[in-house]
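In what follows, a structure is listed as structure tokens, so that the remarks can point back to it.
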Amino acid sequence: MYCMNICAWETKDKKKVRKRRKKYANVASVAVLAAVFCVSGWAVAGPESRSTAVPKTGQTMSYDTGDDGDLQKGTAWPSPRFTDHGDTVTDNLTGLMWIKAPHSLAGNSGAQTYHGAIAFCTGLNYAGYSDWRLPNVRELHSLIDYGCYYPALPSGHPFPGVRSSNYWSSTTHVGYADRAWFVFLYHGNVSLNVKSTSYDVWPVRSGE
């Protein structure tokens with residue numbers, strides 16, 4: 001009888017330990033999930049309470065009920081959209097600073113290869129700044145206004161001489177190291193080509 005009581009006590013004690021471990025594991029899991037939600041911009045309460053930073057496309061003309069021009073979803077653009085500093089322009093939507101007239105720069109009147117484009121931008125010292133670079137594909141595409149074309153830039157933009165042509169981004173295709181993404185400013189679409197191709201170049205730098 002004594003041995004049976006000892007065994008029963010040990011079994012009961014182990015069950016309590018397992019129960020406590022399970023409880024603490026659940027608490028830890030909830031804490032980890034909460035941290036993940038906060039870092040990713042999702043509130044713990046669920047996806048309904050998350051905010052979005054995706055801007056509007058710029059399209060205001062509707063061609064069908066429920067289309068982009070009808071709903072115009074996304075974060076509104078600031079007004080004014082751009083701040084003109086003379087030689088440079090700040091996009092108030094992204095905070096990026098662009099060269100106002102990129103093709104007036106010495107050595108940038110014509111198209112360049114991908115590697116030439118990167119070298120040109122990183123070696124540029126202009127308007128008191130030396131941290132110019134070739135924009136990545138998202139940065140370059142952030143200028144696109146789908147309510148305009150030829151070029152697909154916001155109406156009244158302050159960029160004289162910018163062409164309705166292909167502009168290199170610094171983003172390489174993940175599956176093809178000899179190719180990179182570019183933005184076609186005529187329509188605003190994104191595509192890729194081999195880096196030996198010559199496209200136009202538009203330097204950018206991060207804002208203050």
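Quick note on naming: the chains in the structure tokens go A, B, ... in the order shown, residues restart at 1 in each chain, and ligands are numbered from 1 in order of appearance.
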
Who sits within 9 Å of Glu139 in chain A, only C-alpha atoms, same chain under 5 positions skipped, as a PyMOL selection string: chain A and resi 94+96+169+204

Val162 in chain A surroundings by only C-alpha atoms, 8 Å radius, close-in-sequence under 4 positions cut, as a PyMOL selection string: chain A and resi 101-103

With N, CA and C atoms retained, could you export that selection as a PDB file, in the first residue's frame?
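again23.pdb, written as the output of this step:
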```pdb
ATOM      1  N   ALA A 101      16.991  67.810 -63.212  1.00  0.00           N
ATOM      2  CA  ALA A 101      17.174  67.645 -64.662  1.00  0.00           C
ATOM      3  C   ALA A 101      18.355  66.699 -64.890  1.00  0.00           C
ATOM      4  N   PRO A 102      18.128  65.404 -64.746  1.00  0.00           N
ATOM      5  CA  PRO A 102      19.234  64.435 -64.779  1.00  0.00           C
ATOM      6  C   PRO A 102      20.036  64.428 -66.077  1.00  0.00           C
ATOM      7  N   HIS A 103      19.387  64.752 -67.188  1.00  0.00           N
ATOM      8  CA  HIS A 103      20.105  64.667 -68.460  1.00  0.00           C
ATOM      9  C   HIS A 103      20.878  65.939 -68.804  1.00  0.00           C
TER      10      HIS A 103
END
```

Residues near Gly95 in chain A, cut-off 12 Å, only C-alpha atoms, skip fewer than 3 positions along chain, as a list in words: Pro78, Arg81, Phe82, Thr83, Val89, Thr90, Asp91, Asn92, Trp98, Glu139, Ser142, Leu143, Val204, Arg205, Ser206, Gly207 and Glu208 of chain A

Find the residues near range 58-65 of chain A: any atom within 6 Å, counting only C-alpha atoms, skip ones fewer than 6 places away on the same chain, and give them as a short mmCIF file (atom, residue, chain, number, x, y, z; two decimals) with C-alpha atoms, in the first residue's frame.
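File produced: around15.cif:
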```
data_model
loop_
_atom_site.label_atom_id
_atom_site.label_comp_id
_atom_site.auth_asym_id
_atom_site.auth_seq_id
_atom_site.Cartn_x
_atom_site.Cartn_y
_atom_site.Cartn_z
CA ASP A 145 1.39 58.09 -61.85
CA TYR A 146 -1.07 55.71 -63.51
CA GLY A 147 -3.32 58.64 -64.30
#
```

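Distances from A:Ser191, A:His157, A:Gly128, A:Asp178 to Lys100 in chain A were compared using only C-alpha atoms, and the smallest one belongs to A:His157.
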
Shell of 7 Å around Val137 in chain A, only C-alpha atoms, local chain residues under 5 positions omitted, as a ChimeraX atom specification: /A:169-171,181-182

Could those selected residues go to a file with N, CA and C atoms, as an mmCIF file, in the first residue's frame?
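Resulting contents of result.cif:
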```
data_model
loop_
_atom_site.group_PDB
_atom_site.id
_atom_site.type_symbol
_atom_site.label_atom_id
_atom_site.label_comp_id
_atom_site.auth_asym_id
_atom_site.auth_seq_id
_atom_site.Cartn_x
_atom_site.Cartn_y
_atom_site.Cartn_z
ATOM 1 N N SER A 169 17.104 50.567 -62.990
ATOM 2 C CA SER A 169 17.101 50.521 -61.524
ATOM 3 C C SER A 169 18.347 49.738 -61.116
ATOM 4 N N SER A 170 18.680 49.772 -59.852
ATOM 5 C CA SER A 170 19.863 49.053 -59.365
ATOM 6 C C SER A 170 19.552 47.607 -58.998
ATOM 7 N N THR A 171 18.298 47.189 -59.181
ATOM 8 C CA THR A 171 17.856 45.869 -58.726
ATOM 9 C C THR A 171 18.116 44.784 -59.773
ATOM 10 N N TRP A 181 16.266 45.040 -63.464
ATOM 11 C CA TRP A 181 14.940 45.612 -63.707
ATOM 12 C C TRP A 181 15.054 47.072 -64.143
ATOM 13 N N PHE A 182 14.156 47.483 -64.998
ATOM 14 C CA PHE A 182 14.083 48.872 -65.425
ATOM 15 C C PHE A 182 12.629 49.313 -65.456
#
```

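Reported to one decimal place, the separation of CA of Asn108 in chain A from CA of His173 in chain A is 24.3 Å.
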
Point-to-point distance in Å for CA of Ile144 in chain A and CA of Trp77 in chain A: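 Taking CA of Trp77 in chain A and CA of Ile144 in chain A, their separation equals 12.1 Å.
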